[in-house]
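Next comes coords-v4.txt, a file with compact mmCIF, C-alpha atoms and all ligand atoms.
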# COMPACT_ATOMS: atom_id res chain seq x y z
CA MET A 1 -18.49 196.66 155.11
CA GLU A 2 -21.50 198.97 154.90
CA TYR A 3 -20.89 202.52 153.71
CA ALA A 4 -23.49 205.30 153.70
CA LEU A 5 -24.67 204.53 150.20
CA ASP A 6 -25.03 200.83 151.02
CA ARG A 7 -27.13 201.83 154.01
CA PHE A 8 -29.33 204.04 151.78
CA VAL A 9 -30.02 201.05 149.50
CA ARG A 10 -30.75 198.81 152.48
CA GLU A 11 -33.13 201.39 153.95
CA ALA A 12 -35.02 201.78 150.66
CA HIS A 13 -35.36 198.02 150.50
CA THR A 14 -36.74 197.85 154.04
CA VAL A 15 -39.18 200.70 153.43
CA ILE A 16 -40.66 198.88 150.43
CA ALA A 17 -40.80 195.55 152.26
CA GLU A 18 -42.54 197.11 155.27
CA THR A 19 -45.48 198.30 153.14
CA GLY A 20 -46.35 194.61 152.84
CA LEU A 21 -47.23 195.20 149.18
CA VAL A 22 -44.20 193.53 147.56
CA ALA A 23 -42.53 190.18 148.30
CA GLY A 24 -38.85 190.51 149.19
CA HIS A 25 -37.51 188.65 146.16
CA LEU A 26 -39.32 191.10 143.83
CA ILE A 27 -37.64 194.17 145.28
CA GLU A 28 -34.90 195.12 142.87
CA LEU A 29 -33.42 198.58 143.10
CA VAL A 30 -31.74 200.31 140.17
CA THR A 31 -29.88 203.51 139.44
CA PRO A 32 -32.27 205.97 137.78
CA LYS A 33 -31.48 207.39 134.34
CA PRO A 34 -29.36 210.58 134.55
CA ASN A 35 -32.31 212.87 133.70
CA ILE A 36 -34.39 211.59 136.62
CA PRO A 37 -34.04 213.72 139.79
CA ALA A 38 -33.65 210.72 142.13
CA ASP A 39 -30.83 208.55 143.50
CA LEU A 40 -32.42 205.12 143.51
CA ALA A 41 -35.46 203.64 141.79
CA PHE A 42 -37.73 200.66 142.22
CA PRO A 43 -39.32 199.66 138.89
CA THR A 44 -42.61 197.99 139.88
CA PHE A 45 -43.28 196.03 136.64
CA ARG A 46 -42.60 192.51 137.90
CA ALA A 47 -44.28 193.06 141.27
CA ALA A 48 -47.34 194.68 139.64
CA LYS A 49 -47.70 191.77 137.23
CA GLU A 50 -47.57 189.38 140.15
CA ALA A 51 -50.21 191.42 142.01
CA GLY A 52 -52.38 191.76 138.89
CA ILE A 53 -52.50 195.57 138.95
CA ALA A 54 -51.04 198.33 136.77
CA PRO A 55 -47.44 199.35 137.67
CA PRO A 56 -48.24 203.07 138.22
CA GLN A 57 -51.04 202.04 140.57
CA LEU A 58 -48.71 199.83 142.60
CA ALA A 59 -46.07 202.59 142.71
CA GLN A 60 -48.73 204.99 144.01
CA ARG A 61 -49.86 202.57 146.73
CA ILE A 62 -46.32 201.88 147.88
CA VAL A 63 -45.61 205.59 148.25
CA GLU A 64 -48.84 206.12 150.24
CA LYS A 65 -47.90 203.44 152.77
CA ALA A 66 -44.12 204.03 152.86
CA HIS A 67 -42.37 206.04 155.50
CA ALA A 68 -38.66 206.47 156.08
CA PRO A 69 -37.56 205.97 159.71
CA PRO A 70 -36.18 209.05 161.51
CA GLY A 71 -32.48 209.66 160.94
CA SER A 72 -32.60 207.67 157.71
CA LEU A 73 -30.64 208.65 154.61
CA ILE A 74 -33.84 208.75 152.59
CA GLY A 75 -34.95 212.33 151.90
CA SER A 76 -38.01 211.70 149.77
CA ILE A 77 -40.05 208.88 148.23
CA VAL A 78 -42.17 209.69 145.17
CA ALA A 79 -44.09 207.72 142.58
CA THR A 80 -43.25 208.65 138.99
CA GLY A 81 -45.30 206.51 136.64
CA PRO A 82 -44.31 202.88 137.25
CA PHE A 83 -41.29 203.84 139.39
CA VAL A 84 -40.88 204.48 143.08
CA ASN A 85 -38.04 207.03 143.26
CA PHE A 86 -35.88 207.58 146.34
CA SER A 87 -33.75 210.67 146.92
CA LEU A 88 -30.97 211.06 149.45
CA ASP A 89 -31.23 213.44 152.35
CA ALA A 90 -28.18 215.61 151.60
CA VAL A 91 -27.60 216.71 155.19
CA HIS A 92 -27.76 213.21 156.61
CA LEU A 93 -25.59 211.88 153.78
CA ALA A 94 -22.87 214.49 154.35
CA ALA A 95 -22.81 213.77 158.08
CA ALA A 96 -22.65 210.01 157.54
CA VAL A 97 -19.84 210.24 154.97
CA LEU A 98 -17.77 212.61 157.11
CA GLU A 99 -18.21 210.33 160.11
CA GLU A 100 -16.97 207.37 158.05
CA ILE A 101 -13.95 209.26 156.75
CA GLU A 102 -13.05 210.32 160.25
CA ARG A 103 -13.49 206.85 161.68
CA LEU A 104 -11.70 204.92 158.89
CA GLY A 105 -8.92 207.39 158.09
CA THR A 106 -6.69 206.03 155.34
CA ARG A 107 -8.77 202.84 155.32
CA TYR A 108 -11.76 204.82 154.02
CA GLY A 109 -13.01 203.07 150.88
CA SER A 110 -11.58 199.70 151.88
CA ASP A 111 -13.81 196.68 152.04
CA ASP A 112 -14.02 193.08 153.14
CA GLN A 113 -15.76 191.82 150.00
CA GLY A 114 -12.60 189.92 149.03
CA ALA A 115 -12.11 188.17 152.37
CA GLY A 116 -11.03 184.57 151.88
CA LYS A 117 -10.58 185.03 148.13
CA THR A 118 -7.41 185.12 146.08
CA ILE A 119 -6.72 187.03 142.89
CA VAL A 120 -3.61 186.53 140.77
CA ILE A 121 -2.49 189.56 138.77
CA ASP A 122 -0.05 189.02 135.93
CA TYR A 123 1.51 192.37 135.10
CA SER A 124 4.54 194.14 133.70
CA SER A 125 5.95 190.86 132.34
CA PRO A 126 8.64 192.29 130.06
CA ASN A 127 10.90 190.21 127.87
CA VAL A 128 14.43 189.30 128.82
CA ALA A 129 17.20 190.69 126.61
CA LYS A 130 14.92 193.48 125.43
CA THR A 131 14.67 196.98 126.83
CA MET A 132 11.29 197.70 128.40
CA HIS A 133 9.00 199.74 126.17
CA VAL A 134 6.04 201.99 126.82
CA GLY A 135 3.59 199.05 126.60
CA HIS A 136 5.32 197.48 129.58
CA ILE A 137 5.13 200.68 131.58
CA ARG A 138 1.38 200.72 130.96
CA SER A 139 0.98 197.12 132.11
CA THR A 140 3.25 197.80 135.09
CA ILE A 141 1.31 200.83 136.31
CA ILE A 142 -2.17 199.49 135.68
CA GLY A 143 -1.23 196.12 137.18
CA GLN A 144 0.24 197.64 140.33
CA SER A 145 -2.85 199.86 140.70
CA LEU A 146 -5.17 196.87 140.40
CA TYR A 147 -3.00 195.12 142.96
CA HIS A 148 -3.55 197.93 145.48
CA ILE A 149 -7.28 198.18 144.74
CA PHE A 150 -7.98 194.46 145.19
CA ASP A 151 -5.79 194.42 148.28
CA PHE A 152 -7.87 197.31 149.68
CA LEU A 153 -11.02 195.30 148.94
CA GLY A 154 -9.77 192.54 151.20
CA TYR A 155 -8.54 190.01 148.63
CA ARG A 156 -5.33 188.05 149.00
CA VAL A 157 -3.50 189.36 145.95
CA ILE A 158 -0.64 187.58 144.23
CA GLY A 159 1.37 189.76 141.90
CA ASP A 160 3.37 187.81 139.35
CA ASN A 161 5.83 189.25 136.86
CA HIS A 162 5.54 186.69 134.05
CA LEU A 163 8.93 187.37 132.46
CA GLY A 164 9.43 186.48 128.82
CA ASP A 165 12.59 184.51 129.51
CA TRP A 166 12.14 181.45 127.30
CA GLY A 167 11.54 180.53 123.70
CA LYS A 168 13.05 180.47 120.27
CA GLN A 169 14.25 184.07 120.39
CA PHE A 170 16.92 183.03 122.91
CA GLY A 171 18.25 180.61 120.30
CA MET A 172 18.71 183.66 118.07
CA ASN A 173 20.30 185.70 120.86
CA ILE A 174 22.72 182.94 121.74
CA ALA A 175 23.58 182.20 118.10
CA ALA A 176 24.26 185.91 117.57
CA ILE A 177 26.44 186.19 120.69
CA VAL A 178 28.39 183.07 119.75
CA ARG A 179 28.95 184.53 116.27
CA TRP A 180 29.79 188.14 117.15
CA GLY A 181 30.78 188.09 120.82
CA LYS A 182 29.23 189.11 124.11
CA PRO A 183 28.44 192.82 124.49
CA GLU A 184 30.32 194.68 127.21
CA GLY A 185 28.79 196.13 130.35
CA ASP A 186 25.93 195.19 132.64
CA ASP A 187 23.34 197.91 132.21
CA GLU A 188 20.56 198.92 129.84
CA ASP A 189 23.16 199.68 127.15
CA ALA A 190 24.24 196.05 127.19
CA ILE A 191 20.63 195.01 126.70
CA ALA A 192 20.29 197.42 123.81
CA ALA A 193 23.45 195.91 122.32
CA ILE A 194 22.03 192.39 122.58
CA ASP A 195 18.87 193.65 120.97
CA LYS A 196 20.92 195.03 118.09
CA LEU A 197 22.74 191.72 117.60
CA TYR A 198 19.35 190.06 117.56
CA ALA A 199 18.16 192.39 114.81
CA GLN A 200 21.34 191.73 112.78
CA TYR A 201 20.89 188.02 113.19
CA SER A 202 17.25 188.04 112.23
CA ALA A 203 18.14 189.99 109.08
CA LEU A 204 20.41 187.06 108.13
CA VAL A 205 17.61 184.61 108.88
CA LYS A 206 15.33 186.60 106.56
CA GLU A 207 17.93 186.45 103.79
CA ASP A 208 18.17 182.68 104.24
CA VAL A 209 14.43 182.31 104.00
CA ALA A 210 14.40 184.40 100.83
CA LEU A 211 17.19 182.24 99.38
CA ARG A 212 15.30 179.04 100.09
CA GLU A 213 12.15 180.49 98.56
CA GLU A 214 14.01 181.53 95.45
CA ALA A 215 15.59 178.08 95.10
CA ALA A 216 12.16 176.48 95.44
CA ARG A 217 10.72 178.78 92.77
CA TRP A 218 13.44 177.97 90.24
CA THR A 219 13.26 174.24 91.02
CA LYS A 220 9.59 174.30 90.20
CA ARG A 221 10.17 176.18 86.95
CA LEU A 222 12.83 173.67 86.02
CA GLU A 223 10.41 170.81 86.64
CA GLN A 224 7.92 172.53 84.35
CA ASN A 225 10.59 172.76 81.62
CA ASP A 226 10.42 176.53 81.68
CA PRO A 227 12.88 177.65 78.92
CA GLU A 228 14.48 180.36 81.03
CA ALA A 229 15.05 177.89 83.85
CA LEU A 230 16.48 175.30 81.45
CA ALA A 231 18.92 177.92 80.18
CA ARG A 232 20.12 178.67 83.72
CA ARG A 233 20.53 175.10 84.89
CA GLU A 234 23.99 175.47 86.33
CA TRP A 235 23.15 178.64 88.20
CA ILE A 236 20.06 176.94 89.64
CA ALA A 237 22.07 173.94 90.80
CA GLU A 238 24.38 176.30 92.64
CA LEU A 239 21.40 178.10 94.16
CA GLN A 240 19.92 174.79 95.30
CA ALA A 241 23.21 173.76 96.89
CA ARG A 242 23.45 177.05 98.76
CA ALA A 243 19.86 176.77 99.96
CA ALA A 244 20.45 173.22 101.19
CA GLN A 245 23.32 174.34 103.47
CA PRO A 246 22.50 174.59 107.17
CA ASN A 247 21.62 178.26 107.65
CA HIS A 248 21.19 180.82 110.38
CA ASP A 249 17.66 179.74 111.15
CA ASP A 250 18.79 176.14 111.70
CA GLU A 251 21.62 177.40 113.89
CA ALA A 252 19.28 179.49 116.07
CA ARG A 253 16.85 176.62 116.34
CA ALA A 254 19.69 174.31 117.38
CA TRP A 255 20.74 176.75 120.11
CA SER A 256 17.20 177.06 121.37
CA LEU A 257 16.95 173.27 121.65
CA LYS A 258 20.34 173.15 123.38
CA LEU A 259 19.04 175.69 125.87
CA GLU A 260 15.95 173.58 126.53
CA GLN A 261 18.17 170.53 127.01
CA GLY A 262 20.47 172.30 129.47
CA ASP A 263 23.64 172.76 127.40
CA PRO A 264 26.11 174.59 129.73
CA LEU A 265 27.19 177.34 127.33
CA ALA A 266 23.60 178.04 126.26
CA ARG A 267 22.52 178.12 129.92
CA ASP A 268 25.35 180.45 130.91
CA LEU A 269 24.61 182.98 128.21
CA TRP A 270 20.90 182.78 128.94
CA GLN A 271 21.44 183.33 132.68
CA TRP A 272 23.68 186.28 131.91
CA MET A 273 20.89 187.87 129.83
CA VAL A 274 18.27 187.15 132.52
CA ASP A 275 20.36 188.70 135.30
CA LEU A 276 21.23 191.71 133.21
CA THR A 277 17.58 192.39 132.38
CA LEU A 278 16.30 191.82 135.91
CA LYS A 279 18.84 194.24 137.28
CA ALA A 280 18.00 196.96 134.76
CA ASN A 281 14.24 196.49 135.25
CA GLN A 282 14.53 196.56 139.02
CA ARG A 283 15.79 200.13 138.83
CA ASN A 284 12.60 201.10 136.99
CA TYR A 285 10.42 199.22 139.48
CA ASN A 286 12.10 200.91 142.42
CA ARG A 287 11.55 204.33 140.90
CA LEU A 288 7.89 203.55 140.25
CA GLY A 289 7.19 201.89 143.61
CA VAL A 290 6.29 198.64 141.90
CA ARG A 291 6.74 195.28 143.57
CA PHE A 292 5.82 191.67 142.88
CA ASP A 293 5.24 188.63 145.05
CA TYR A 294 6.68 186.40 142.35
CA ALA A 295 8.62 186.73 139.15
CA LEU A 296 8.06 183.25 137.78
CA GLY A 297 9.12 183.67 134.19
CA GLU A 298 8.19 181.44 131.30
CA SER A 299 11.28 179.31 131.97
CA PHE A 300 9.85 178.32 135.35
CA TYR A 301 7.21 176.26 133.56
CA SER A 302 9.54 174.46 131.17
CA PRO A 303 9.86 171.32 133.35
CA MET A 304 6.05 170.99 133.34
CA LEU A 305 5.53 171.18 129.59
CA GLU A 306 6.16 167.54 128.67
CA GLY A 307 3.50 166.39 131.16
CA LEU A 308 1.06 169.05 130.01
CA ILE A 309 1.45 168.06 126.35
CA GLN A 310 1.04 164.39 127.26
CA GLU A 311 -2.12 165.16 129.20
CA ALA A 312 -3.57 167.22 126.35
CA ILE A 313 -2.99 164.28 123.98
CA GLU A 314 -4.47 161.75 126.42
CA LYS A 315 -7.55 163.88 126.94
CA GLY A 316 -8.03 164.14 123.19
CA VAL A 317 -7.62 167.92 123.16
CA ALA A 318 -4.48 167.63 121.02
CA TYR A 319 -2.85 165.09 118.71
CA ARG A 320 0.61 164.44 117.33
CA ASP A 321 0.75 164.85 113.55
CA GLU A 322 2.96 162.90 111.11
CA ASP A 323 5.83 165.40 111.51
CA GLY A 324 5.76 165.05 115.29
CA ALA A 325 4.16 168.42 116.01
CA VAL A 326 1.42 168.50 118.66
CA VAL A 327 -1.66 170.19 117.25
CA VAL A 328 -4.83 171.56 118.82
CA ASP A 329 -7.61 171.90 116.28
CA GLU A 330 -10.26 174.59 116.41
CA LEU A 331 -11.35 174.41 120.08
CA GLN A 332 -14.30 176.69 119.38
CA PRO A 333 -15.69 178.01 116.14
CA GLY A 334 -13.50 180.93 115.06
CA LEU A 335 -10.43 179.89 117.05
CA PRO A 336 -7.52 178.98 114.80
CA THR A 337 -5.63 175.69 115.00
CA PHE A 338 -2.45 176.04 117.05
CA LEU A 339 0.58 174.03 118.16
CA LEU A 340 1.56 172.96 121.66
CA GLN A 341 4.86 171.63 120.36
CA ARG A 342 6.73 172.18 117.10
CA SER A 343 7.97 169.25 115.03
CA ASP A 344 11.53 169.95 116.28
CA SER A 345 10.14 169.39 119.84
CA GLY A 346 10.37 173.09 120.78
CA THR A 347 7.47 174.52 122.79
CA LEU A 348 5.63 177.81 122.37
CA TYR A 349 4.57 180.89 124.30
CA HIS A 350 1.04 179.55 124.76
CA THR A 351 2.27 176.10 125.85
CA ARG A 352 3.99 177.84 128.73
CA ASP A 353 0.95 180.00 129.46
CA LEU A 354 -1.19 176.86 129.72
CA ALA A 355 1.23 175.31 132.20
CA CYS A 356 1.19 178.61 134.06
CA ILE A 357 -2.61 178.52 134.41
CA VAL A 358 -2.50 174.95 135.73
CA TYR A 359 0.21 175.93 138.20
CA ARG A 360 -1.64 179.01 139.45
CA GLU A 361 -4.87 177.05 139.89
CA GLN A 362 -3.14 174.36 141.91
CA GLU A 363 -0.89 176.62 143.92
CA PHE A 364 -3.10 179.63 144.69
CA HIS A 365 -6.74 178.56 144.04
CA PRO A 366 -7.63 182.01 142.70
CA VAL A 367 -11.18 183.17 142.03
CA LYS A 368 -9.72 185.19 139.18
CA ILE A 369 -6.50 185.57 137.23
CA ILE A 370 -6.07 189.01 135.72
CA TYR A 371 -3.67 189.53 132.81
CA VAL A 372 -2.63 193.13 132.24
CA VAL A 373 -1.34 192.87 128.74
CA ASP A 374 -1.31 194.51 125.32
CA ALA A 375 -4.57 194.15 123.36
CA ARG A 376 -2.61 192.58 120.50
CA GLN A 377 -2.42 189.41 122.62
CA GLU A 378 -6.20 189.09 122.66
CA LEU A 379 -6.24 186.07 120.35
CA HIS A 380 -3.47 184.38 122.33
CA PHE A 381 -5.50 184.58 125.53
CA ARG A 382 -8.73 183.50 123.86
N1 LIG A 401 6.12 188.93 127.83
C1 LIG A 401 4.91 189.37 127.18
C2 LIG A 401 5.17 190.65 126.41
O1 LIG A 401 6.16 191.31 126.62
C3 LIG A 401 3.77 189.60 128.13
C4 LIG A 401 3.39 188.42 128.99
C5 LIG A 401 2.01 188.53 129.54
N2 LIG A 401 1.64 187.45 130.44
C6 LIG A 401 1.44 186.19 130.08
N3 LIG A 401 1.11 185.32 131.03
N4 LIG A 401 1.54 185.79 128.83
O2 LIG A 401 4.38 191.02 125.57

Mind turning this structure into structure tokens?
Ligand code: ARG
Amino acid sequence: MEYALDRFVREAHTVIAETGLVAGHLIELVTPKPNIPADLAFPTFRAAKEAGIAPPQLAQRIVEKAHAPPGSLIGSIVATGPFVNFSLDAVHLAAAVLEEIERLGTRYGSDDQGAGKTIVIDYSSPNVAKTMHVGHIRSTIIGQSLYHIFDFLGYRVIGDNHLGDWGKQFGMNIAAIVRWGKPEGDDEDAIAAIDKLYAQYSALVKEDVALREEAARWTKRLEQNDPEALARREWIAELQARAAQPNHDDEARAWSLKLEQGDPLARDLWQWMVDLTLKANQRNYNRLGVRFDYALGESFYSPMLEGLIQEAIEKGVAYRDEDGAVVVDELQPGLPTFLLQRSDSGTLYHTRDLACIVYREQEFHPVKIIYVVDARQELHFR
């Protein structure tokens, strides 16, 4: 689609070419610096070098031979040092723009530059069993705006709500619900209640971690024959026994593995949390006029992870360490080592994001995938 300003650029190009002084591939037009009273500039440096003359001299010659055709959008052509500066004819510009607005109506500003191309936009993407927060509203609004803009530019746009509906945190949620019971209701309050149980449970996990750390500290002091430790032998034995008990972290981890393996109770509770969250979020989306083509959450990719991990190992991108974890070492200088799979066989957020990229490439063949996400995930996406 050619708008008035595109036509202005094309006309300036033609005017320069028609002087016969500059080869087409050397005509490069730029936006003048703000203090220059012109709308488009041709810096003659490269062309002058080619012609073996000084740039201001070439600029001067071009201006002498140049003439804008009648009815053109070019108001004036002047040489300023090494530059040929073009200014718009304000009257012709106004008429051309008004004509376009009248002709195109609400399609004014649209374009066909995206024809035949697909862009995937990953936006909103809140987490299940958590109330949406202001960061998600930002991603939701910016994402939906980008969706409309690319659509207007002629792209096929695929909007995907990449729900955070999988991972270890659901082990914690399920463990907490099993321990304290399922919250009542089916609205945002129920989600807030689940969130609270989660916080309670993770406080217990923190206590367990502290206990294990303390036991390890005293064990070490005992080994070093520290007198205070020797004096508290019995107390330390008791501490060690308590630390060795299966704890809340183990329990949550077990539930998260059960969920991955399809345990019916784990699945039921998970589905209940997913439905609850989707329903509450949908109300927000309706109010905001936000819609998605897909809401393929992280769980959608879980059947693909085993194959992905296998492929990464086969291609030598990753390896399995002695504990059974699948490790990717520094892919580029400055990128930390990361896991594709934990030693307990659980997968991670980025494992699922990798599968998601593979899926989007195969399914949609996009020229671009845009993630509208909090800046704190910068390292994750690198
Ligand atoms: N669920 C994540 C969050 O709430 C955002 C997901 C962004 N998209 C992605 N493909 N990782 O922060």

Using all atoms listed in the file, what does the table of chain A residues within 9 Å of ligand LIG 401 (chain A) look like, with each row giving the shortest atom pair and its distance in Å to one decimal, sorted by chain and ascending number, as a tab-separated table?
residue	atom	partner	partner_atom	distance
A:Asp122	CA	A:LIG401	N2	6.0
A:Tyr123	CA	A:LIG401	C5	6.8
A:Ser124	CA	A:LIG401	C3	7.2
A:Ser125	CA	A:LIG401	C4	4.9
A:Pro126	CA	A:LIG401	O1	4.4
A:Asn127	CA	A:LIG401	N1	4.9
A:Val128	CA	A:LIG401	N1	8.4
A:Met132	CA	A:LIG401	O1	8.4
A:His133	CA	A:LIG401	O1	8.9
A:Gly135	CA	A:LIG401	O2	8.1
A:His136	CA	A:LIG401	O1	6.9
A:Ser139	CA	A:LIG401	C3	9.0
A:Asp160	CA	A:LIG401	N3	9.0
A:Asn161	CA	A:LIG401	N2	7.9
A:His162	CA	A:LIG401	N2	5.4
A:Leu163	CA	A:LIG401	N1	5.6
A:Gly164	CA	A:LIG401	N1	4.2
A:Asp165	CA	A:LIG401	N1	8.0
A:Gly297	CA	A:LIG401	N3	8.8
A:Glu298	CA	A:LIG401	N3	8.1
A:Tyr349	CA	A:LIG401	N4	7.3
A:His350	CA	A:LIG401	N4	7.5
A:Arg352	CA	A:LIG401	N4	8.3
A:Asp353	CA	A:LIG401	N3	5.5
A:Leu354	CA	A:LIG401	N3	8.9
A:Cys356	CA	A:LIG401	N3	7.4
A:Ile357	CA	A:LIG401	N3	8.5
A:Tyr371	CA	A:LIG401	N2	6.2
A:Val372	CA	A:LIG401	C5	7.1
A:Val373	CA	A:LIG401	C5	5.5
A:Asp374	CA	A:LIG401	O2	6.7
A:Arg376	CA	A:LIG401	O2	8.8
A:Gln377	CA	A:LIG401	O2	7.6
A:His380	CA	A:LIG401	N4	8.3
A:Phe381	CA	A:LIG401	N4	7.9

- Query: List as a VMD selection string: which residues have an atom within 9 Å of (-40.1, 200.4, 155.0), counting only C-alpha atoms?
  - Reply: chain A and resid 11 to 20 65 to 69

Can you write just those residues out, C-alpha atoms, as a compact mmCIF listing (two decimals), in the coordinates of the input?
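And here is the file that came out, again_30.txt:
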# COMPACT_ATOMS: atom_id res chain seq x y z
CA GLU A 11 -33.13 201.39 153.95
CA ALA A 12 -35.02 201.78 150.66
CA HIS A 13 -35.36 198.02 150.50
CA THR A 14 -36.74 197.85 154.04
CA VAL A 15 -39.18 200.70 153.43
CA ILE A 16 -40.66 198.88 150.43
CA ALA A 17 -40.80 195.55 152.26
CA GLU A 18 -42.54 197.11 155.27
CA THR A 19 -45.48 198.30 153.14
CA GLY A 20 -46.35 194.61 152.84
CA LYS A 65 -47.90 203.44 152.77
CA ALA A 66 -44.12 204.03 152.86
CA HIS A 67 -42.37 206.04 155.50
CA ALA A 68 -38.66 206.47 156.08
CA PRO A 69 -37.56 205.97 159.71

Can you tell me which residues surround range 281-284 of chain A at a distance of at most 10 Å, considering only C-alpha atoms, apart from same-chain residues fewer than 4 positions away, and format the answer as a PDB file with C-alpha atoms, in the coordinates of the input?
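Writing the result to around-v6.pdb gives the following:
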ATOM      1  CA  PRO A 126       8.640 192.290 130.060  1.00  0.00           C
ATOM      2  CA  VAL A 128      14.430 189.300 128.820  1.00  0.00           C
ATOM      3  CA  THR A 131      14.670 196.980 126.830  1.00  0.00           C
ATOM      4  CA  MET A 132      11.290 197.700 128.400  1.00  0.00           C
ATOM      5  CA  ILE A 137       5.130 200.680 131.580  1.00  0.00           C
ATOM      6  CA  ASP A 187      23.340 197.910 132.210  1.00  0.00           C
ATOM      7  CA  GLU A 188      20.560 198.920 129.840  1.00  0.00           C
ATOM      8  CA  ASP A 275      20.360 188.700 135.300  1.00  0.00           C
ATOM      9  CA  LEU A 276      21.230 191.710 133.210  1.00  0.00           C
ATOM     10  CA  THR A 277      17.580 192.390 132.380  1.00  0.00           C
ATOM     11  CA  LEU A 288       7.890 203.550 140.250  1.00  0.00           C
ATOM     12  CA  GLY A 289       7.190 201.890 143.610  1.00  0.00           C
ATOM     13  CA  VAL A 290       6.290 198.640 141.900  1.00  0.00           C
ATOM     14  CA  ARG A 291       6.740 195.280 143.570  1.00  0.00           C
TER      15      ARG A 291
END

- Item | Exercise: Val22 in chain A partners within 10 Å, only C-alpha atoms, chain neighbours under 3 positions left out, as a list of chain:residue names |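 Residues meeting the cut-off are A:Ile16, A:Ala17, A:Glu18, A:Thr19, A:His25, A:Leu26, A:Ile27, A:Thr44, A:Arg46, A:Ala47, A:Ala48, A:Glu50, A:Ala51, A:Leu58, A:Ile62.
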
Using only C-alpha atoms, determine which residues lie at most 12 Å from range 251-267 of chain A, disregarding the query and same-chain residues fewer than 3 positions distant; provide the list as a CSV table (one decimal) with C-alpha atoms, keeping the file's coordinate frame.
chain,number,residue,atom,x,y,z
A,165,ASP,CA,12.6,184.5,129.5
A,166,TRP,CA,12.1,181.4,127.3
A,167,GLY,CA,11.5,180.5,123.7
A,168,LYS,CA,13.0,180.5,120.3
A,169,GLN,CA,14.2,184.1,120.4
A,170,PHE,CA,16.9,183.0,122.9
A,171,GLY,CA,18.2,180.6,120.3
A,172,MET,CA,18.7,183.7,118.1
A,173,ASN,CA,20.3,185.7,120.9
A,174,ILE,CA,22.7,182.9,121.7
A,175,ALA,CA,23.6,182.2,118.1
A,176,ALA,CA,24.3,185.9,117.6
A,177,ILE,CA,26.4,186.2,120.7
A,178,VAL,CA,28.4,183.1,119.8
A,179,ARG,CA,29.0,184.5,116.3
A,198,TYR,CA,19.4,190.1,117.6
A,201,TYR,CA,20.9,188.0,113.2
A,202,SER,CA,17.2,188.0,112.2
A,204,LEU,CA,20.4,187.1,108.1
A,205,VAL,CA,17.6,184.6,108.9
A,208,ASP,CA,18.2,182.7,104.2
A,245,GLN,CA,23.3,174.3,103.5
A,246,PRO,CA,22.5,174.6,107.2
A,247,ASN,CA,21.6,178.3,107.6
A,248,HIS,CA,21.2,180.8,110.4
A,270,TRP,CA,20.9,182.8,128.9
A,271,GLN,CA,21.4,183.3,132.7
A,272,TRP,CA,23.7,186.3,131.9
A,273,MET,CA,20.9,187.9,129.8
A,274,VAL,CA,18.3,187.2,132.5
A,299,SER,CA,11.3,179.3,132.0
A,300,PHE,CA,9.8,178.3,135.4
A,301,TYR,CA,7.2,176.3,133.6
A,302,SER,CA,9.5,174.5,131.2
A,303,PRO,CA,9.9,171.3,133.4
A,305,LEU,CA,5.5,171.2,129.6
A,306,GLU,CA,6.2,167.5,128.7
A,342,ARG,CA,6.7,172.2,117.1
A,343,SER,CA,8.0,169.2,115.0
A,344,ASP,CA,11.5,170.0,116.3
A,345,SER,CA,10.1,169.4,119.8
A,346,GLY,CA,10.4,173.1,120.8
A,347,THR,CA,7.5,174.5,122.8
A,348,LEU,CA,5.6,177.8,122.4

- Task: May I have the residues within 9 Å of His92 in chain A as a PyMOL selection string, using all atoms listed in the file and disregarding those fewer than 2 positions away in the same chain?
- Result: chain A and resi 71-75+88-90+94-97

Closest atom pairs, range 156-192 of chain A residues within 12 Å of range 103-118 of chain A, only C-alpha atoms, as a tab-separated table:
residue	atom	partner	partner_atom	distance
A:Arg156	CA	A:Thr118	CA	4.6
A:Val157	CA	A:Thr118	CA	5.8
A:Ile158	CA	A:Thr118	CA	7.4
A:Gly159	CA	A:Thr118	CA	10.8

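Take the candidates A:Pro37, A:Ile142, A:Leu340, A:Glu330 and check each one against Ala312 in chain A using only C-alpha atoms; the shortest distance goes to A:Leu340.
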
- Shortest interatomic distance to Asp6 in chain A - which of A:Val120, A:Leu93, A:Asp186, A:Pro82, counting all atoms listed in the file: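 Ranking A:Val120, A:Leu93, A:Asp186, A:Pro82 by distance to Asp6 in chain A, first place goes to A:Leu93.
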
- Message: What does the structure give for the distance between CA of Asp39 in chain A and CA of Pro56 in chain A, in Å to one decimal?
- Response: 19.0 Å

- For CA of Gly154 in chain A and CA of Leu29 in chain A, determine how far apart the two atoms are, in Å to one decimal place. 25.7 Å

- Between A:Asp189, A:Glu184, A:Glu64, A:Asp293, which is the closest to Ile121 in chain A once you count only C-alpha atoms?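 Closest residue, counting only C-alpha atoms: A:Asp293.
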
- Message: Quick one: residues within 9 Å of Leu335 in chain A, all atoms listed in the file, excluding same-chain residues fewer than 6 positions away - as an NGL selection string?
- Response: :A and (329 or 379 or 382)

Resulting file, chosen residues, C-alpha atoms, as a PDB file, in the coordinates of the input:
ATOM      1  CA  ASP A 329      -7.610 171.900 116.280  1.00  0.00           C
ATOM      2  CA  LEU A 379      -6.240 186.070 120.350  1.00  0.00           C
ATOM      3  CA  ARG A 382      -8.730 183.500 123.860  1.00  0.00           C
TER       4      ARG A 382
END

- Which is closest to Thr80 in chain A among A:Glu228, A:Lys49, A:Phe42, A:Glu314, if we use only C-alpha atoms?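 Closest candidate: A:Phe42.
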
- Query: Any idea what the distance is between CA of Ala244 in chain A and CA of Ile194 in chain A?
  - Reply: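 Straight-line distance from CA of Ala244 in chain A to CA of Ile194 in chain A works out to 28.8 Å.
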